[in-house]
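Take a look at the structure set out below.
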Amino acid sequence: MSLALFSLAGRTALITGSARGLGLAMARGLAEAGAAVILNGTSVDGTNAACEKLAEEGHKVHALAFDVTDDAAVLAAFGSLDTDGIQVDILINNAGIQFRKPMVDLDPADWRRVVETNLTSAFLIGREAARRMIARGSGGKIINIASLTSEVARATVAPYTAAKGGIKLLTRSMAAEWAEYGIQANAIGPGYMATDMNQALMSDPKFDAWVKGRTPARRWGLPEELVGAAVFLASPASNYVNGQVIYVDGGMLAVL
Ligand code: GCO
């Protein structure tokens, strides 16, 4: 077997929410595997800064700042890629937010914001990418970022959990409709990862102890530890994998 199976040379990957955190780590990993990467964030400055960082590391990058929850902005973003002759061969729907509050206290606007960002955006962007992959007839890769909460719930994160549960079955819906066009749609489910979004949890001694006790690996995950699964699902090595979720969680979901 040749490692060429895992090469992304000649491919272009769009990673949403990739100005920092898990998205930037996966973008760097795909770039190191040979892909040109399109970084996305809501802030132009933040997205450009991340692009500069990867460009300094010698990678081919393109900035595409847009609001993933805005239908018109998504269409305009893909229109600009079309105009620039840039085709998306690999899409990682990573953009996501967290909002922790008991449901009885939750404002419907907060529920909608989380679901729109974490779930609906994957549909909106996945649809645009798939339309072009199908029209080109060259297939493609779609990787949605799920979560432990795609399988189990934790109190106070209901909108996030509902959205990530939806991501698991949206991934299967994408596989059901698009596999025949050579598009492999799969997901990665990160465990408790050391990111800005989880900083409040990491700084809480009780929660930190719970994560370390509940995770067989006895530690938080590192963003770069998602790269292996991302490169696998983005590469020809996964051409017969569809509708699956790979959990990169230190074993948390595997044990009681
Ligand atoms: C939380 C965390 C989790 C993790 C991750 C686990 O509040 O419990 O933010 O949601 O970030 O999603 O897979």
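Every chain in the structure tokens has a letter given in the order shown (A, B, ...), and although residue numbers restart at 1 in each chain, ligands are simply numbered from 1 in the order shown.
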
Show me, as a PyMOL selection string, the residues that have an atom within 9 Å of range 111-116 of chain A when counting only C-alpha atoms, minus same-chain residues fewer than 5 positions from it.
chain A and resi 68-69+96-99+106+121-122+158-160+162-164

Would you mind exporting the chosen residues as a short mmCIF file (atom, residue, chain, number, x, y, z; two decimals), in the first residue's frame, restricted to all heavy atoms?
```cif
data_model
loop_
_atom_site.label_atom_id
_atom_site.label_comp_id
_atom_site.auth_asym_id
_atom_site.auth_seq_id
_atom_site.Cartn_x
_atom_site.Cartn_y
_atom_site.Cartn_z
N VAL A 68 -21.71 31.82 7.87
CA VAL A 68 -22.20 30.51 7.39
C VAL A 68 -23.70 30.33 7.62
O VAL A 68 -24.30 29.40 7.07
CB VAL A 68 -21.43 29.35 8.06
CG1 VAL A 68 -19.95 29.40 7.73
CG2 VAL A 68 -21.66 29.32 9.57
N THR A 69 -24.31 31.22 8.39
CA THR A 69 -25.76 31.07 8.65
C THR A 69 -26.59 31.92 7.69
O THR A 69 -27.81 31.85 7.72
CB THR A 69 -26.11 31.51 10.10
OG1 THR A 69 -25.90 32.94 10.21
CG2 THR A 69 -25.27 30.79 11.13
N GLY A 96 -19.00 26.23 14.29
CA GLY A 96 -19.91 25.88 15.38
C GLY A 96 -19.71 26.80 16.57
O GLY A 96 -18.64 27.39 16.74
N ILE A 97 -20.78 26.94 17.33
CA ILE A 97 -20.71 27.73 18.56
C ILE A 97 -21.30 26.89 19.69
O ILE A 97 -22.01 25.92 19.43
CB ILE A 97 -21.48 29.07 18.44
CG1 ILE A 97 -22.94 28.83 18.04
CG2 ILE A 97 -20.76 30.01 17.48
CD1 ILE A 97 -23.80 30.11 18.03
N GLN A 98 -21.02 27.27 20.91
CA GLN A 98 -21.59 26.61 22.07
C GLN A 98 -22.35 27.67 22.89
O GLN A 98 -21.99 28.85 22.86
CB GLN A 98 -20.47 25.97 22.91
CG GLN A 98 -20.91 25.21 24.18
CD GLN A 98 -21.89 24.12 23.93
OE1 GLN A 98 -23.06 24.41 23.71
NE2 GLN A 98 -21.43 22.86 23.96
N PHE A 99 -23.42 27.26 23.55
CA PHE A 99 -24.17 28.19 24.42
C PHE A 99 -24.74 27.37 25.56
O PHE A 99 -25.59 26.52 25.34
CB PHE A 99 -25.28 28.89 23.63
CG PHE A 99 -25.95 29.99 24.40
CD1 PHE A 99 -25.39 31.27 24.48
CD2 PHE A 99 -27.13 29.76 25.10
CE1 PHE A 99 -25.99 32.29 25.21
CE2 PHE A 99 -27.75 30.78 25.84
CZ PHE A 99 -27.18 32.04 25.89
N LEU A 106 -33.77 29.17 28.51
CA LEU A 106 -33.19 29.47 27.19
C LEU A 106 -34.12 30.37 26.38
O LEU A 106 -35.33 30.12 26.30
CB LEU A 106 -32.97 28.14 26.44
CG LEU A 106 -31.97 28.11 25.29
CD1 LEU A 106 -30.60 28.58 25.76
CD2 LEU A 106 -31.86 26.68 24.76
N SER A 121 -26.06 25.47 8.73
CA SER A 121 -24.95 25.91 7.87
C SER A 121 -24.34 24.72 7.11
O SER A 121 -23.93 24.86 5.96
CB SER A 121 -23.86 26.58 8.72
OG SER A 121 -23.21 25.62 9.55
N ALA A 122 -24.33 23.57 7.74
CA ALA A 122 -23.75 22.38 7.07
C ALA A 122 -24.60 21.99 5.87
O ALA A 122 -24.08 21.56 4.83
CB ALA A 122 -23.63 21.23 8.06
N ALA A 158 -28.52 21.90 25.37
CA ALA A 158 -29.55 21.30 24.52
C ALA A 158 -29.48 21.74 23.06
O ALA A 158 -29.51 20.88 22.15
CB ALA A 158 -30.93 21.58 25.09
N PRO A 159 -29.39 23.03 22.72
CA PRO A 159 -29.36 23.39 21.30
C PRO A 159 -28.15 22.81 20.59
O PRO A 159 -28.23 22.34 19.45
CB PRO A 159 -29.35 24.91 21.31
CG PRO A 159 -29.05 25.34 22.69
CD PRO A 159 -29.39 24.22 23.59
N TYR A 160 -27.01 22.81 21.26
CA TYR A 160 -25.77 22.25 20.69
C TYR A 160 -25.97 20.75 20.45
O TYR A 160 -25.66 20.22 19.39
CB TYR A 160 -24.62 22.50 21.66
CG TYR A 160 -23.25 22.08 21.19
CD1 TYR A 160 -22.37 22.98 20.63
CD2 TYR A 160 -22.83 20.75 21.32
CE1 TYR A 160 -21.11 22.60 20.21
CE2 TYR A 160 -21.56 20.36 20.91
CZ TYR A 160 -20.71 21.29 20.36
OH TYR A 160 -19.45 20.90 19.93
N ALA A 162 -28.82 19.02 20.19
CA ALA A 162 -29.81 18.77 19.13
C ALA A 162 -29.18 18.98 17.76
O ALA A 162 -29.38 18.20 16.83
CB ALA A 162 -31.01 19.70 19.32
N ALA A 163 -28.38 20.03 17.63
CA ALA A 163 -27.73 20.32 16.35
C ALA A 163 -26.72 19.24 15.99
O ALA A 163 -26.68 18.76 14.85
CB ALA A 163 -27.04 21.68 16.41
N LYS A 164 -25.94 18.80 16.95
CA LYS A 164 -24.91 17.80 16.66
C LYS A 164 -25.55 16.42 16.44
O LYS A 164 -25.03 15.61 15.67
CB LYS A 164 -23.88 17.74 17.79
CG LYS A 164 -22.99 18.99 17.88
CD LYS A 164 -22.17 19.21 16.60
CE LYS A 164 -21.16 20.33 16.76
NZ LYS A 164 -20.35 20.56 15.55
#
```

Contacts of Phe123 in chain A within 10 Å, only C-alpha atoms, excl. fewer than 2 positions in-chain, as a PyMOL selection string:
chain A and resi 69+93+116+118-121+125-129+144+167+170-171+174

When the cut-off is 7 Å and you count only C-alpha atoms and all ligand atoms, which residues lie near ligand 1, shown as a JSON list (two decimals) with C-alpha atoms, in the first residue's frame?
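File result-v6.json, as written:
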```json
[["chain", "number", "residue", "atom", "x", "y", "z"],
["A", 98, "GLN", "CA", -21.59, 26.61, 22.07],
["A", 100, "ARG", "CA", -24.61, 26.72, 27.88],
["A", 147, "SER", "CA", -19.58, 15.70, 18.71],
["A", 148, "LEU", "CA", -19.93, 13.33, 21.63],
["A", 149, "THR", "CA", -23.31, 15.02, 21.85],
["A", 154, "ARG", "CA", -25.25, 16.63, 28.77],
["A", 157, "VAL", "CA", -26.24, 22.31, 26.14],
["A", 160, "TYR", "CA", -25.77, 22.25, 20.69],
["A", 189, "GLY", "CA", -16.88, 13.44, 16.43],
["A", 190, "PRO", "CA", -14.34, 15.21, 18.63],
["A", 191, "GLY", "CA", -14.30, 14.42, 22.34],
["A", 192, "TYR", "CA", -13.45, 17.03, 24.96],
["A", 193, "MET", "CA", -10.79, 19.03, 23.11],
["A", 197, "MET", "CA", -14.75, 27.12, 23.29],
["A", 198, "ASN", "CA", -13.98, 24.79, 26.20]]
```

Sort by chain and increasing residue number a table of all residues of range 154-251 of chain A within 10 Å of range 4-27 of chain A, each with its closest pair of atoms and their distance in Å to one decimal, counting only C-alpha atoms, and write it as a Markdown table.
```
| residue | atom | partner | partner_atom | distance |
| --- | --- | --- | --- | --- |
| A:Pro190 | CA | A:Leu22 | CA | 9.2 |
| A:Met193 | CA | A:Leu22 | CA | 8.5 |
| A:Ala194 | CA | A:Gly21 | CA | 8.7 |
| A:Thr195 | CA | A:Gly21 | CA | 5.8 |
| A:Asp196 | CA | A:Gly21 | CA | 7.0 |
| A:Met197 | CA | A:Gly21 | CA | 8.4 |
| A:Leu222 | CA | A:Leu22 | CA | 8.6 |
| A:Pro223 | CA | A:Leu22 | CA | 5.0 |
| A:Glu224 | CA | A:Ala25 | CA | 5.3 |
| A:Glu225 | CA | A:Ala25 | CA | 8.6 |
| A:Leu226 | CA | A:Met26 | CA | 6.7 |
| A:Val227 | CA | A:Met26 | CA | 5.3 |
| A:Gly228 | CA | A:Met26 | CA | 8.9 |
| A:Ala229 | CA | A:Met26 | CA | 9.4 |
| A:Ala230 | CA | A:Met26 | CA | 6.7 |
| A:Val231 | CA | A:Phe6 | CA | 6.7 |
| A:Phe232 | CA | A:Phe6 | CA | 6.2 |
| A:Leu233 | CA | A:Phe6 | CA | 9.0 |
| A:Ala234 | CA | A:Leu8 | CA | 7.4 |
| A:Ser235 | CA | A:Phe6 | CA | 5.1 |
| A:Pro236 | CA | A:Leu5 | CA | 5.5 |
| A:Ala237 | CA | A:Leu5 | CA | 5.1 |
| A:Ser238 | CA | A:Phe6 | CA | 8.8 |
| A:Asn239 | CA | A:Leu5 | CA | 9.9 |
```

Output as a ChimeraX atom specification all residues of range 19-160 of chain A that backbone DSSP marks as alpha helix (DSSP H).
/A:21-32,44-56,71-83,108-115,121-136,158-160

DSSP strand (DSSP E or B) selection over range 109-169 of chain A, as number ranges by chain
A: 140-145

Excluding same-chain residues fewer than 5 positions from Gly182 in chain A, what lies within 12 Å of it counting only C-alpha atoms, as a list in words?
Asp89, Ala130, Met133, Ile134, Ala135, Arg136, Gly137, Ser138, Gly139, Gly140, Lys141, Ile142, Met174, Ala175, Ala176, Glu177, Pro236, Ser238, Asn239, Tyr240, Val241 and Asn242 of chain A

With all heavy atoms retained, write the just-selected residues as a short mmCIF file (atom, residue, chain, number, x, y, z; two decimals), in the first residue's frame.
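Result file part_26.cif:
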```cif
data_model
loop_
_atom_site.label_atom_id
_atom_site.label_comp_id
_atom_site.auth_asym_id
_atom_site.auth_seq_id
_atom_site.Cartn_x
_atom_site.Cartn_y
_atom_site.Cartn_z
N ASP A 89 -12.98 20.59 -3.64
CA ASP A 89 -12.99 19.12 -3.75
C ASP A 89 -13.30 18.47 -2.40
O ASP A 89 -13.79 17.34 -2.35
CB ASP A 89 -11.59 18.63 -4.19
CG ASP A 89 -11.12 19.33 -5.45
OD1 ASP A 89 -11.81 19.18 -6.48
OD2 ASP A 89 -10.10 20.06 -5.41
N ALA A 130 -21.95 20.30 -3.05
CA ALA A 130 -22.41 19.10 -3.77
C ALA A 130 -22.94 19.45 -5.16
O ALA A 130 -22.68 18.71 -6.13
CB ALA A 130 -23.48 18.39 -2.96
N MET A 133 -19.88 19.66 -7.23
CA MET A 133 -19.21 18.35 -7.37
C MET A 133 -19.99 17.47 -8.34
O MET A 133 -19.43 16.81 -9.21
CB MET A 133 -19.12 17.67 -6.00
CG MET A 133 -18.15 18.32 -5.02
SD MET A 133 -18.36 17.61 -3.36
CE MET A 133 -17.10 18.50 -2.44
N ILE A 134 -21.31 17.49 -8.23
CA ILE A 134 -22.15 16.67 -9.11
C ILE A 134 -22.06 17.19 -10.55
O ILE A 134 -21.87 16.42 -11.49
CB ILE A 134 -23.61 16.68 -8.62
CG1 ILE A 134 -23.73 15.93 -7.28
CG2 ILE A 134 -24.56 16.07 -9.66
CD1 ILE A 134 -25.05 16.13 -6.54
N ALA A 135 -22.09 18.52 -10.70
CA ALA A 135 -22.01 19.10 -12.06
C ALA A 135 -20.67 18.76 -12.71
O ALA A 135 -20.59 18.49 -13.91
CB ALA A 135 -22.19 20.61 -11.98
N ARG A 136 -19.60 18.77 -11.92
CA ARG A 136 -18.25 18.47 -12.46
C ARG A 136 -18.10 16.98 -12.75
O ARG A 136 -17.25 16.57 -13.55
CB ARG A 136 -17.16 18.88 -11.46
CG ARG A 136 -16.93 20.35 -11.31
CD ARG A 136 -15.57 20.62 -10.64
NE ARG A 136 -15.48 20.03 -9.33
CZ ARG A 136 -15.80 20.67 -8.18
NH1 ARG A 136 -16.24 21.91 -8.24
NH2 ARG A 136 -15.66 20.09 -7.00
N GLY A 137 -18.87 16.17 -12.07
CA GLY A 137 -18.77 14.72 -12.26
C GLY A 137 -17.49 14.14 -11.70
O GLY A 137 -17.05 13.05 -12.10
N SER A 138 -16.84 14.90 -10.79
CA SER A 138 -15.54 14.41 -10.28
C SER A 138 -15.62 13.99 -8.81
O SER A 138 -14.61 13.79 -8.16
CB SER A 138 -14.51 15.54 -10.42
OG SER A 138 -15.02 16.74 -9.84
N GLY A 139 -16.83 13.86 -8.29
CA GLY A 139 -16.96 13.42 -6.91
C GLY A 139 -16.43 14.45 -5.92
O GLY A 139 -16.18 15.61 -6.28
N GLY A 140 -16.24 14.03 -4.69
CA GLY A 140 -15.74 14.96 -3.66
C GLY A 140 -15.87 14.35 -2.27
O GLY A 140 -16.33 13.21 -2.12
N LYS A 141 -15.44 15.15 -1.29
CA LYS A 141 -15.45 14.68 0.10
C LYS A 141 -16.15 15.73 0.97
O LYS A 141 -15.81 16.93 0.87
CB LYS A 141 -14.00 14.53 0.60
CG LYS A 141 -13.16 13.53 -0.20
CD LYS A 141 -13.52 12.11 0.12
CE LYS A 141 -12.54 11.14 -0.53
NZ LYS A 141 -12.79 9.75 -0.12
N ILE A 142 -17.08 15.30 1.76
CA ILE A 142 -17.73 16.21 2.72
C ILE A 142 -17.56 15.61 4.11
O ILE A 142 -17.88 14.43 4.33
CB ILE A 142 -19.21 16.42 2.39
CG1 ILE A 142 -19.35 17.12 1.02
CG2 ILE A 142 -19.90 17.26 3.49
CD1 ILE A 142 -20.78 17.32 0.54
N MET A 174 -26.74 13.01 3.44
CA MET A 174 -25.83 13.38 2.35
C MET A 174 -25.30 12.13 1.66
O MET A 174 -25.25 12.04 0.43
CB MET A 174 -24.66 14.21 2.90
CG MET A 174 -25.05 15.60 3.36
SD MET A 174 -23.61 16.43 4.11
CE MET A 174 -24.23 18.12 4.23
N ALA A 175 -24.96 11.11 2.47
CA ALA A 175 -24.48 9.85 1.89
C ALA A 175 -25.57 9.21 1.04
O ALA A 175 -25.33 8.76 -0.09
CB ALA A 175 -24.05 8.90 3.01
N ALA A 176 -26.79 9.25 1.55
CA ALA A 176 -27.92 8.62 0.83
C ALA A 176 -28.15 9.26 -0.53
O ALA A 176 -28.44 8.58 -1.52
CB ALA A 176 -29.19 8.73 1.69
N GLU A 177 -28.00 10.58 -0.60
CA GLU A 177 -28.33 11.30 -1.84
C GLU A 177 -27.14 11.49 -2.77
O GLU A 177 -27.31 11.66 -3.98
CB GLU A 177 -28.95 12.67 -1.50
CG GLU A 177 -30.31 12.56 -0.83
CD GLU A 177 -31.06 13.89 -0.75
OE1 GLU A 177 -30.73 14.82 -1.52
OE2 GLU A 177 -31.97 13.97 0.07
N PRO A 236 -8.28 9.68 -0.90
CA PRO A 236 -8.78 8.49 -1.60
C PRO A 236 -8.83 7.25 -0.71
O PRO A 236 -9.53 6.29 -1.03
CB PRO A 236 -7.74 8.30 -2.73
CG PRO A 236 -7.17 9.65 -2.95
CD PRO A 236 -7.14 10.30 -1.60
N SER A 238 -10.47 6.80 1.75
CA SER A 238 -11.83 6.60 2.30
C SER A 238 -12.88 6.58 1.18
O SER A 238 -14.05 6.90 1.43
CB SER A 238 -12.15 7.72 3.29
OG SER A 238 -12.08 8.98 2.61
N ASN A 239 -12.48 6.18 -0.03
CA ASN A 239 -13.42 6.27 -1.15
C ASN A 239 -14.62 5.34 -1.06
O ASN A 239 -15.59 5.49 -1.80
CB ASN A 239 -12.68 6.02 -2.48
CG ASN A 239 -11.93 7.26 -2.95
OD1 ASN A 239 -12.04 8.34 -2.32
ND2 ASN A 239 -11.18 7.13 -4.02
N TYR A 240 -14.55 4.33 -0.12
CA TYR A 240 -15.71 3.45 0.03
C TYR A 240 -16.30 3.58 1.42
O TYR A 240 -16.92 2.67 1.96
CB TYR A 240 -15.32 2.00 -0.28
CG TYR A 240 -16.51 1.11 -0.59
CD1 TYR A 240 -17.43 1.45 -1.60
CD2 TYR A 240 -16.73 -0.06 0.13
CE1 TYR A 240 -18.51 0.64 -1.88
CE2 TYR A 240 -17.82 -0.89 -0.16
CZ TYR A 240 -18.71 -0.53 -1.16
OH TYR A 240 -19.81 -1.34 -1.43
N VAL A 241 -16.07 4.75 2.05
CA VAL A 241 -16.60 5.03 3.39
C VAL A 241 -17.69 6.09 3.23
O VAL A 241 -17.43 7.16 2.69
CB VAL A 241 -15.49 5.54 4.35
CG1 VAL A 241 -16.07 5.81 5.74
CG2 VAL A 241 -14.35 4.52 4.44
N ASN A 242 -18.89 5.78 3.70
CA ASN A 242 -20.00 6.74 3.57
C ASN A 242 -20.88 6.75 4.81
O ASN A 242 -21.18 5.69 5.35
CB ASN A 242 -20.86 6.35 2.38
CG ASN A 242 -20.42 7.06 1.10
OD1 ASN A 242 -20.42 8.29 1.04
ND2 ASN A 242 -20.02 6.31 0.10
#
```

From A:Tyr247, A:Phe78, A:Tyr181, A:Phe66, residue lying nearest Thr42 in chain A [only C-alpha atoms]
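Residue with the minimum atom-to-atom distance to Thr42 in chain A: A:Phe66.
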